[in-house]
Amino acid sequence: MSFKDNLNRTPFAPVLAGVIFIGAYGLVVEDPFLLTLGGYTCALALFALSINLMLGGVGEVPLGQSLFFGLGAYGVGIGMKKFGLSYEGGLLAGAVVAATLSLAIGNLTLRLTGAYFSIVSWGLASVAVVVALNMEHFTGGGMGLFALPPMYLTGLDLSQPVLYFYLAAAMLTGAVVLLVAVRDSRFGYALESVRQNRHLASALGIDVFRQRLKAFVLSAVLAAVAGALSVPYTQIVTHESLGIGITIDALLMVLLGGVRWLYGPILGALVFSVVPFYLELDVNVRMFVFSVAIILIMMLVPNGLHQCAQALVSRLKGVRNVRI
Amino acid sequence: MYVSDVVKIAEHARVVRPASSLAVAVAVAASAVTKRYGGIAALKGIDLAIEEGEIFGIIGPNGAGKSTLFDVLCGIVQPTSGEVQLFGRSISGMQPHEVARLGVARSFQRTAVFAEASVSQNLCFAWHRMSGHSVLGRLFHSRHWHRDQEACQDRARHILEITGLWEDRNRSASVLAYGVQRRLAVGVALMTDPEILFLDEPAAGMDDHDSAGFVDLIRRVAPGRTVVLVEHDMTVIRALCHRCLAMADGRPLVSGEPLDVLQHPEVVEAYLGAEDA
Amino acid sequence: MELLLQTLANGLLIGAGYALIAVGLTLVFGILGIVNFAHGAYFALGAYSVLIAANLGVPYLLAVPAGMAIVLAAALLTEPLVVRCVQSGESSHGFLIVTFALSQALTALMLLVAGPNPQPVGSPFAAISLSLFGIVFAGQRVLILVVSVLVLAGLGLWLKSSVRGRQVTAVAQNPRGALYTGINVPKIRRLSFLVGVGAAGLAGGLLAPISSVFPTMGNASLITSFIVVILGGMGSITGSLLGALLVGIANALFETYVSVSWTPALGWSLVIVILLVAPQGLRGKALKHRY
Amino acid sequence: MLRVDAIRAAYGKVVALNGVSIEVNEGEVVAILGANGAGKTTLLNAISGVVPITHGDISLDGKPVHGLKPWRLARLGLIHVPEGREVFPAMTVEENLRVVDAIGDGPEFTVDSVLDMFPRLRERFDQAAGNLSGGEQQMLAIGRGLMARPRLVLFDEPSLGLSPLISKFVLSTIAALRSKGVASLLVEQNMRAALKVADRAYVLRVGRVVKHGPASDMAVAQDMREAYLGA
Amino acid sequence: ADPIKIGLVMPFSGPAAAYGIEARQAAELAVEEMNAAGGVVGGRMLRVVYEDDKGTPQGAVGATQKQISVNRVDAIVGGMGSQLALAQASVTNNRILYVNSAAQAEAITEQGNKWLFQINNTTNMNSAAFNKYVISTMKPKTVAFIGENTEFARPLLNILKRDLAEAKIELVNVSLYDTETNDFTSIITRVRSLNPELVYVADGAPARLVQFWKQARQLGGFRAGAVTPGVVTPTVLKASEGAMDGVISGDIFSASDSAPETQSFVKAFRKKYNADPGKVHLVVYEGVKVIAGAMEKAKTSSNYAALAQAMRENAWNTPRGTLRFDAKGRAHAPYFYIQRVKGASLELVSRWQN
Ligand SMILES: Nc1ncnc2c1ncn2[C@@H]1O[C@H](COP(=O)(O)OP(=O)(O)OP(=O)(O)O)[C@@H](O)[C@H]1O
Ligand SMILES: Nc1ncnc2c1ncn2[C@@H]1O[C@H](COP(=O)(O)OP(=O)(O)OP(=O)(O)O)[C@@H](O)[C@H]1O
Ligand SMILES: [Mg+2]
Ligand SMILES: [Mg+2]
């Protein structure tokens, strides 16, 4: 095997497969529940991608990523209710605010690493929750913002389950294409080298802090878009969208799907949002069973579900991956 | 007695300094550099002038401050007082990556490689900083991007060959034997095509064959660069260096031609021990 | 003046409780590198165990150690799950998912067995309250203060001056090196996990009479412990004591004199400000090698 | 004292040791030589129980110790001073030494005697080990190993990163340990120096022993070259 | 015939799980009674289908969607919180009959949702009655307000502020604490130092309410009357172990009302669960019963226009008397109860005619 064969010449093939699947799903499925759930799953997957940009890309656990998800949601909510913006306007406003805020926050917090970064970012999200609760006239306080006007994206009505699904899926696809490009770019390589060994990276001329900051801002924008995409589903914007719960869900998706794999979070989101709905058990039994299943999965395939797929592929190819 | 390659090469092929330069420019200059850590003075006043194109060795007992000096020269550690200039530019206040961008690469005493990546990926990481495509470039200039990738691979292949890592190119860096990792660390530094190369005990842990190969390698890549190396292996120092500096206890002890330095009684006493003299 | 003193006393007593909850978290993080999201669940388990023991007629002061024993047994059973994920996996974040899922599973189990309703636990100290110069000290809280001081001092002493304790620190810093030094690494890990979780169980049993017992009672404590642990510096016992007292007193002062509805932001703001000044927390140590 | 009999160890599909047999007698210094990647570190790790073996036997004092964990072996008097030093970075030099259980039954070493051996460490007594220079860390690692009172020490490149003076001293210390009844298995790149202190030597090449014998017979250049590289 | 499915969307996990479990008990009791009486709409049996909304709006949307399109239920009972009710209502709007059992924000019924009905009083309705009692009967000069910082307590506070201002009563303290709060020492200390004549505590979570009162007692209690609207359930009473003695509560339901319809409900509930029913039990029980009743009256389980009409046009006989729905879908009951905690039970102080 020559050295050049390492080069992945078809990085966009999985994207194409995804697009075909999305198209087919929208055509075949008519049930509004499955369609809206599909759309919401896309929003969650997008959020999971943003988390994985931090987790797999930067190597930090962004426990406070929901801050940006919530900003996206509140962007739509406040934009539409208080400023009379369109849905697109709200989405854009949320993304811009998220980008600006993440720049400021990143400048302060990205000097921290490990648990310290995680907890501080969680702290910021928690402060945001308190702010959302207390700034009642702006955020609707504990009640949140509801009775939002009809939402249109590129002229299409998001209250139609099919359209919501397609648009959310399109946004997700766009994000994936962007992330593939990031992975293969100078920025992607720099980021990866920073994650693996920041001392060496900086000795090679890479501005460690800047790469981390760039990734952080990008992930914040993705999270904000995901948050905005969740609003047509929930129809109400509350402080829950800023809270740790949603981050934890997305983190579980990422880890379940696999951190080292770009599509892992999407797989995780699929498993995560669909399976629990079909476990026909008493809710608490279901929660127990699901949690235990997650633990077992992590015991058996510590690198996430994609490890199964990988092992299968290499088994088929007759190569055995060696790791100790 | 087994005569190592190093010695053999050393006998009939001493590197000759580029003679063309009458007024040689100074690549690395340090003046009155000190470094204190609380009560510990790691450097107590170092003056240094390393000329462009020189291969310069630094030796000294453990804890003499060699690695600390490297850290100061590369901007990783800010000196307590004194100044460092690279190519006549002061680096005080510069971040390590800014110093690196002046054309400086270094290897570390504790082997530093990208552990999760394969050997060839390790090299690509080093290359991409300078020549890789931007995100938009990746999206919209796919052809260029592919050409870039090939350029990267060509250079990586070259480095793999001269460092003798070709066989190991697809192995993960973390599973390499220690000596092989040391070679990779040198390869990664070389991948950036640096003008100044700082190597901290590069041959430590290499077997005789590899360190001979290493000497060869440095000779090959040295023209047009300045190489500064710390070593405890005197064969390497003798074979490679044009000049060298012996340090002890954070101070310069002796400097000059390697053979002179190595025979200097103070160096023998503090560093080499009687027998090797 | 009396109000100020009472507020400071409140802060101190509350802080002592925080310290007791947080010390286990900091220990498990410091030694195993695991941010134990299940800590709150073990805390609740401790409370339930005391409740069960009390319902069987065991007097409170005996029920607390009995409850702790039950928690230790649970820790012993779950330890392999948690500790195994430390080493496996490329991402080294597997523990997040495992401890989180564990916390969900434990909570679900408690919900299934005991139901969601808050249940009271009686304590002979709950009825007592001391009054000194007009300042009221609730009996149960004084008990917690005493136990907390004893536990923290004991743990600190153990880590600092016994060989076994130093080995715990050694495993935390370099498990591989510890292996070569002849230290029984798995045993040390198990030991520190048990001690950490045991402290959570103890805290649960002691705080139960104050808060009554319900399955999600650990959530709020978990958040506070995180704040405390990070403030103090992960892995440092004195750090978590300092952090706990700081948070306890700051919260008390803020709630009494400024605003209640902004209090939750206070702890976090303290964390953010302090970490920006001291990135390893008040007493944390950087574990990095030179390169 | 130590018998390693036809052991095999592999990392996944990479076979690092393929039927290696060596022996260390009571109070002997045995050198293991070989090129980079020959499997020397793996051999030591296999003996000390850090890397599992798939075939073969290891016995210590005639008792099979195959499969025993490092801490059990330490109890039997076997200590491994590893490649890469592996000190405890945030603990002081003193704490690094005091962390050790003196569980072996070899000659006693105290913190003081270690510091006497390496005066440099005395100067750095209260410093965090992670901030020590490379050579100082190596001294610390050796000292820490001896604190466990071993009867057999596996040294993986003990002179790595040490100045010529100190590395000579370390090797002579290893020789001196022999007179206290402490045997050593010594992996070294500095072949000449190693052969000077060793009683016997083995040469490893890609996971096999290709040459062994008394140290004094080994120092023939051409032979060694072949043994190393398989020319 | 096929059973009629009533979908219950409630928090069965998370901090509010206690309410979900209570809701399930009540729904089961209601369905059992209806089925024992021969079912509805020509003898069709009733069945309750449960989905967990985890107490979050996202969860509420998913669970409601699933009830409609996967479980294919005929009507939905939900609303264990105003956000949840709003989220659920956004899904059920124009698709299915939806009964918000417990949430009380005005906004829920202001959305012009034709097939939405609400069993509980709105905040305004509750406060109107309760505050009237507080102001005209208890006559405090100073009041301290303590409550959770949520959509439950904030509207109560706003109305209280207005009513106190009108009556020229001073509001000396407002403490709105976070829902993660588990230590109230400082708040209690502060309020004690202000020495108000009345302490008004608004918390919807049983566990927290218990914590609050226990901690208050440990610090010596308040030298004042104390009131708390709406949420003094049997669970709270049991867990508080007397720490709430003397607290006045105002509620839409009292298990100790001697009215026969109340007592037959209480008796049936005791028989099945060996405990007293609380308010959550009541509203869910009523929700299910009213839906079933409307189906029986309209002779349909899926013509929602007809069902909604039947709901509005009829009076419903429930454990708390005769219930009527107004144009907005809000239920109006005849009475409002003022009760006082005594040990582990509530004693009726007075019953107000609405
Ligand atoms: N960050 C630090 N804090 C405290 N002391 C330090 C620090 N860095 C270096 N030192 C001390 O400074 C001295 C010089 O260290 P340095 O690593 O430069 O030595 P060296 O000459 O490279 O030695 P070696 O040959 O052993 O690698 C050592 O004694 C070391 O303990
Ligand atoms: N963790 C590992 N996973 C996979 N292969 C490994 C691992 N560790 C070592 N190897 C491989 O096993 C072989 C022997 O390695 P080992 O480290 O024992 O060599 P060595 O003789 O000690 O070399 P050096 O002198 O460079 O330290 C090498 O080919 C190496 O790449
Ligand atoms: Mg050095
Ligand atoms: Mg080795």
# chains A, B, ... in the order shown; residues from 1 in each chain; ligands from 1
$ residues_around --residues "B:Pro194" --least-positions-apart "4" --cutoff "12 Å" --atoms "only C-alpha atoms" --output "number ranges by chain"
A: 203-205; B: 53, 99-107, 126-127, 130, 186-190, 198-199, 221-228
$ residues_around --residues "A:Phe216" --least-positions-apart "5" --cutoff "12 Å" --atoms "only C-alpha atoms" --output "PyMOL selection string"
chain A and resi 50-55+57-62+64-65+68+98-110+121+191+209-211+221-223
$ write_last_selection --atoms "N, CA and C atoms" --output "compact mmCIF listing (two decimals), in the first residue's frame"
# COMPACT_ATOMS: atom_id res chain seq x y z
N SER A 50 -21.94 20.74 17.47
CA SER A 50 -21.26 21.89 18.05
C SER A 50 -20.53 21.49 19.32
N ILE A 51 -21.16 20.61 20.09
CA ILE A 51 -20.49 20.12 21.30
C ILE A 51 -19.25 19.33 20.94
N ASN A 52 -19.39 18.54 19.88
CA ASN A 52 -18.24 17.71 19.53
C ASN A 52 -17.10 18.52 18.95
N LEU A 53 -17.43 19.67 18.40
CA LEU A 53 -16.35 20.54 17.94
C LEU A 53 -15.48 20.92 19.15
N MET A 54 -16.13 21.12 20.28
CA MET A 54 -15.36 21.41 21.49
C MET A 54 -14.73 20.15 22.08
N LEU A 55 -15.52 19.08 22.13
CA LEU A 55 -15.05 17.86 22.80
C LEU A 55 -14.01 17.13 21.97
N GLY A 57 -12.79 18.25 19.01
CA GLY A 57 -11.89 19.15 18.31
C GLY A 57 -10.92 19.86 19.24
N VAL A 58 -11.46 20.46 20.29
CA VAL A 58 -10.61 21.23 21.20
C VAL A 58 -10.15 20.36 22.36
N GLY A 59 -10.96 19.34 22.68
CA GLY A 59 -10.58 18.49 23.79
C GLY A 59 -11.07 19.00 25.13
N GLU A 60 -12.06 19.88 25.11
CA GLU A 60 -12.63 20.35 26.37
C GLU A 60 -14.09 19.92 26.44
N VAL A 61 -14.56 19.72 27.66
CA VAL A 61 -15.96 19.35 27.84
C VAL A 61 -16.78 20.61 28.08
N PRO A 62 -17.56 21.04 27.09
CA PRO A 62 -18.24 22.33 27.23
C PRO A 62 -19.57 22.19 27.95
N GLY A 64 -21.22 24.16 29.47
CA GLY A 64 -22.10 25.32 29.37
C GLY A 64 -22.51 25.65 27.95
N GLN A 65 -22.36 24.71 27.05
CA GLN A 65 -22.68 25.01 25.66
C GLN A 65 -24.14 25.39 25.48
N PHE A 68 -25.28 28.90 24.48
CA PHE A 68 -25.42 29.36 23.10
C PHE A 68 -26.66 28.78 22.44
N ALA A 98 -24.49 35.24 19.78
CA ALA A 98 -23.71 34.10 20.28
C ALA A 98 -22.25 34.25 19.86
N ALA A 99 -22.03 34.65 18.64
CA ALA A 99 -20.65 34.79 18.17
C ALA A 99 -19.92 35.85 18.99
N THR A 100 -20.57 37.00 19.18
CA THR A 100 -19.93 38.08 19.92
C THR A 100 -19.64 37.67 21.35
N LEU A 101 -20.67 37.09 21.97
CA LEU A 101 -20.52 36.70 23.36
C LEU A 101 -19.44 35.63 23.51
N SER A 102 -19.43 34.68 22.57
CA SER A 102 -18.45 33.61 22.70
C SER A 102 -17.04 34.16 22.54
N LEU A 103 -16.91 35.17 21.73
CA LEU A 103 -15.60 35.79 21.56
C LEU A 103 -15.13 36.36 22.90
N ALA A 104 -16.05 37.06 23.55
CA ALA A 104 -15.70 37.67 24.83
C ALA A 104 -15.44 36.59 25.88
N ILE A 105 -16.36 35.64 25.96
CA ILE A 105 -16.23 34.58 26.97
C ILE A 105 -14.97 33.77 26.73
N GLY A 106 -14.79 33.39 25.46
CA GLY A 106 -13.63 32.58 25.12
C GLY A 106 -12.34 33.26 25.53
N ASN A 107 -12.29 34.58 25.29
CA ASN A 107 -11.08 35.30 25.65
C ASN A 107 -10.73 35.15 27.11
N LEU A 108 -11.77 35.05 27.94
CA LEU A 108 -11.51 34.89 29.37
C LEU A 108 -11.31 33.44 29.75
N THR A 109 -12.17 32.55 29.25
CA THR A 109 -12.19 31.21 29.82
C THR A 109 -11.31 30.20 29.10
N LEU A 110 -10.96 30.44 27.87
CA LEU A 110 -10.21 29.41 27.16
C LEU A 110 -8.78 29.27 27.65
N SER A 121 -17.61 27.11 32.30
CA SER A 121 -18.58 27.31 31.22
C SER A 121 -19.97 26.94 31.71
N LEU A 191 -5.98 22.70 14.90
CA LEU A 191 -6.81 22.39 16.05
C LEU A 191 -6.49 21.00 16.60
N PHE A 209 -3.97 29.51 21.54
CA PHE A 209 -5.15 30.17 22.07
C PHE A 209 -6.11 30.57 20.95
N ARG A 210 -5.54 31.06 19.87
CA ARG A 210 -6.37 31.51 18.76
C ARG A 210 -7.15 30.36 18.12
N GLN A 211 -6.51 29.22 17.97
CA GLN A 211 -7.22 28.08 17.39
C GLN A 211 -8.39 27.68 18.27
N VAL A 221 -21.75 29.46 17.35
CA VAL A 221 -22.69 29.81 16.29
C VAL A 221 -23.53 28.59 15.90
N LEU A 222 -22.87 27.45 15.76
CA LEU A 222 -23.63 26.24 15.43
C LEU A 222 -24.68 25.96 16.50
N ALA A 223 -24.27 26.11 17.76
CA ALA A 223 -25.21 25.85 18.85
C ALA A 223 -26.39 26.81 18.78
$ residues_around --residues "stretch 134-151 of chain A" --least-positions-apart "5" --cutoff "6 Å" --atoms "only C-alpha atoms" --output "number ranges by chain"
A: 87, 158, 236-238; E: 83, 150-151
$ atom_distance --atom1 "atom CA of C:Leu202" --atom2 "atom CA of C:Val228"
17.8 Å
$ residues_near_ligand --ligand "ligand 2" --cutoff "10 Å" --atoms "only C-alpha atoms and all ligand atoms" --output "NGL selection string"
(:A and (322-324)) or (:B and (168 or 171-183 or 204-207 or 210)) or (:D and (9-17 or 32-46 or 51 or 83-84 or 156-157 or 187-189 or 204-207))
$ atom_distance --atom1 "atom CA of D:Phe118" --atom2 "atom CA of D:Met139"
6.9 Å
$ closest_atom_pairs --of "chain B" --to "ligand 3" --cutoff "6 Å" --atoms "only C-alpha atoms and all ligand atoms" --output "CSV"
residue,atom,partner,partner_atom_place_in_ligand_line,distance
B:Lys66,CA,ligand 3,1 (Mg),5.4
B:Ser67,CA,ligand 3,1 (Mg),4.0
B:Gln109,CA,ligand 3,1 (Mg),6.0
$ write_last_selection --atoms "N, CA and C atoms" --output "PDB file, in the first residue's frame"
ATOM      1  N   LYS B  66      20.684  23.887  30.901  1.00  0.00           N
ATOM      2  CA  LYS B  66      20.697  23.801  29.435  1.00  0.00           C
ATOM      3  C   LYS B  66      19.281  23.878  28.865  1.00  0.00           C
ATOM      4  N   SER B  67      18.410  23.030  29.402  1.00  0.00           N
ATOM      5  CA  SER B  67      17.042  23.036  28.878  1.00  0.00           C
ATOM      6  C   SER B  67      16.362  24.361  29.169  1.00  0.00           C
ATOM      7  N   GLN B 109      13.223  17.796  25.563  1.00  0.00           N
ATOM      8  CA  GLN B 109      13.947  16.740  26.274  1.00  0.00           C
ATOM      9  C   GLN B 109      13.014  15.575  26.609  1.00  0.00           C
TER      10      GLN B 109
END
$ residues_around --residues "E:Lys297" --least-positions-apart "4" --cutoff "10 Å" --atoms "only C-alpha atoms" --output "ChimeraX atom specification"
/E:40-41,291-293,306-307,310-311,314
$ write_last_selection --atoms "C-alpha atoms" --output "compact mmCIF listing (two decimals), in the first residue's frame"
# COMPACT_ATOMS: atom_id res chain seq x y z
CA VAL E 40 -68.90 5.44 27.84
CA VAL E 41 -70.20 6.01 24.33
CA ILE E 291 -63.60 14.27 29.32
CA ALA E 292 -65.35 10.95 29.68
CA GLY E 293 -68.55 12.70 30.65
CA ALA E 306 -68.99 18.45 19.49
CA LEU E 307 -67.00 17.45 22.55
CA ALA E 310 -70.61 19.49 25.33
CA MET E 311 -67.93 20.52 27.78
CA ASN E 314 -73.01 21.17 30.63
$ select_by_dssp --residues "stretch 90-273 of chain B" --states "strand (DSSP E)" --output "list in words"
Ser90, Val104, Ala105, Arg106, Ser107, Ile196, Leu197, Phe198, Leu199, Asp200, Thr226, Val227, Val228, Leu229, Val230, Arg243, Cys244, Leu245, Ala246, Met247, Ala248, Arg251, Pro252, Leu253, Val254, Ser255 and Gly256 of chain B
$ write_last_selection --atoms "N, CA and C atoms" --output "compact mmCIF listing (two decimals), in the first residue's frame"
# COMPACT_ATOMS: atom_id res chain seq x y z
N SER B 90 14.73 41.21 18.85
CA SER B 90 14.51 40.82 20.24
C SER B 90 13.23 40.03 20.35
N VAL B 104 11.94 29.11 13.73
CA VAL B 104 12.59 28.34 14.78
C VAL B 104 11.82 27.05 15.02
N ALA B 105 12.52 25.94 15.11
CA ALA B 105 11.85 24.71 15.52
C ALA B 105 12.67 24.08 16.62
N ARG B 106 11.99 23.30 17.49
CA ARG B 106 12.77 22.69 18.55
C ARG B 106 12.23 21.30 18.89
N SER B 107 13.10 20.51 19.45
CA SER B 107 12.63 19.26 20.03
C SER B 107 12.82 19.36 21.52
N ILE B 196 16.44 27.97 12.29
CA ILE B 196 17.19 27.60 13.50
C ILE B 196 16.53 26.35 14.08
N LEU B 197 17.37 25.40 14.39
CA LEU B 197 16.86 24.14 14.91
C LEU B 197 17.45 23.94 16.30
N PHE B 198 16.58 23.90 17.30
CA PHE B 198 17.06 23.63 18.66
C PHE B 198 16.74 22.18 18.99
N LEU B 199 17.74 21.41 19.36
CA LEU B 199 17.50 20.01 19.68
C LEU B 199 17.98 19.72 21.09
N ASP B 200 17.05 19.28 21.95
CA ASP B 200 17.41 19.01 23.34
C ASP B 200 17.65 17.52 23.51
N THR B 226 20.87 27.05 11.17
CA THR B 226 21.66 27.08 12.38
C THR B 226 21.12 25.97 13.27
N VAL B 227 22.01 25.16 13.79
CA VAL B 227 21.56 24.07 14.65
C VAL B 227 22.18 24.24 16.02
N VAL B 228 21.34 24.19 17.05
CA VAL B 228 21.83 24.27 18.42
C VAL B 228 21.42 22.99 19.11
N LEU B 229 22.36 22.29 19.70
CA LEU B 229 21.94 21.06 20.35
C LEU B 229 22.57 20.86 21.72
N VAL B 230 21.75 20.28 22.58
CA VAL B 230 22.22 19.88 23.90
C VAL B 230 22.44 18.39 23.84
N ARG B 243 31.25 24.66 17.24
CA ARG B 243 31.66 25.27 18.50
C ARG B 243 30.79 24.68 19.59
N CYS B 244 31.25 24.80 20.79
CA CYS B 244 30.34 24.39 21.85
C CYS B 244 30.59 25.15 23.13
N LEU B 245 29.55 25.09 23.97
CA LEU B 245 29.58 25.82 25.23
C LEU B 245 29.37 24.82 26.35
N ALA B 246 30.23 24.88 27.33
CA ALA B 246 30.01 24.06 28.51
C ALA B 246 29.45 24.94 29.61
N MET B 247 28.35 24.51 30.20
CA MET B 247 27.73 25.27 31.28
C MET B 247 27.85 24.49 32.57
N ALA B 248 27.82 25.21 33.66
CA ALA B 248 27.68 24.54 34.95
C ALA B 248 26.96 25.49 35.88
N ARG B 251 25.83 28.92 34.74
CA ARG B 251 26.81 29.87 34.21
C ARG B 251 27.57 29.23 33.08
N PRO B 252 28.06 30.05 32.13
CA PRO B 252 28.96 29.48 31.12
C PRO B 252 30.28 29.13 31.78
N LEU B 253 30.83 28.00 31.34
CA LEU B 253 32.09 27.56 31.94
C LEU B 253 33.21 27.83 30.93
N VAL B 254 33.08 27.17 29.79
CA VAL B 254 34.08 27.31 28.72
C VAL B 254 33.33 27.30 27.42
N SER B 255 33.86 27.99 26.42
CA SER B 255 33.29 27.77 25.10
C SER B 255 34.40 27.81 24.07
N GLY B 256 34.12 27.24 22.93
CA GLY B 256 35.14 27.20 21.89
C GLY B 256 34.99 25.94 21.06
$ residues_around --residues "E:Leu323" --least-positions-apart "3" --cutoff "8 Å" --atoms "only C-alpha atoms" --output "short mmCIF file (atom, residue, chain, number, x, y, z; two decimals) with N, CA and C atoms, in the first residue's frame"
data_model
loop_
_atom_site.label_atom_id
_atom_site.label_comp_id
_atom_site.auth_asym_id
_atom_site.auth_seq_id
_atom_site.Cartn_x
_atom_site.Cartn_y
_atom_site.Cartn_z
N ALA E 315 -73.09 21.29 32.99
CA ALA E 315 -72.50 21.46 34.31
C ALA E 315 -72.02 20.09 34.76
N TRP E 316 -70.84 20.07 35.41
CA TRP E 316 -70.24 18.78 35.76
C TRP E 316 -70.20 18.60 37.25
N ASN E 317 -70.72 17.46 37.64
CA ASN E 317 -70.76 17.18 39.06
C ASN E 317 -69.44 16.51 39.46
N THR E 318 -68.66 17.20 40.26
CA THR E 318 -67.35 16.66 40.62
C THR E 318 -67.19 16.69 42.12
N ARG E 320 -65.77 18.53 44.02
CA ARG E 320 -65.89 19.83 44.70
C ARG E 320 -67.15 20.58 44.25
N ALA E 331 -62.48 26.36 34.17
CA ALA E 331 -63.50 25.78 35.03
C ALA E 331 -63.81 26.73 36.19
N HIS E 332 -65.07 26.77 36.56
CA HIS E 332 -65.45 27.55 37.74
C HIS E 332 -66.14 26.63 38.71
N ALA E 333 -65.59 26.60 39.93
CA ALA E 333 -66.16 25.73 40.96
C ALA E 333 -66.88 26.61 41.97
N PRO E 334 -67.76 26.02 42.74
CA PRO E 334 -68.54 26.85 43.66
C PRO E 334 -67.75 27.40 44.84
#
$ interface_residues --of "chain E" --to "chain C" --cutoff "10 Å" --atoms "only C-alpha atoms" --output "ChimeraX atom specification"
/E:12-22,146-149,174-194,205-215,217-220,235-236,238-241
$ atom_distance --atom1 "atom CA of E:Ala105" --atom2 "atom CA of E:Phe117"
12.7 Å
$ interface_residues --of "chain A" --to "chain B" --cutoff "7 Å" --atoms "only C-alpha atoms" --output "list of chain:residue names"
A:Ala181, A:Val182, A:Asp184, A:Ser185, A:Arg186, A:Phe187, A:Tyr189, A:Ala190, A:Ser193, A:Gln196, A:Asn197, A:Leu200, A:Ser202, A:Ala203, A:Leu204, A:Gly205, A:Ile206, A:Asp207
$ interface_residues --of "chain A" --to "chain E" --cutoff "7 Å" --atoms "only C-alpha atoms" --output "list in words"
Asp31, Phe33, Gly142, Met143, Thr234, Gln235, Ile236, Glu240, Val283 and Asn284 of chain A
$ residues_around --residues "B:Arg89" --least-positions-apart "2" --cutoff "12 Å" --atoms "only C-alpha atoms" --output "PyMOL selection string"
chain B and resi 26-30+73+83-87+91-94+98-99+102
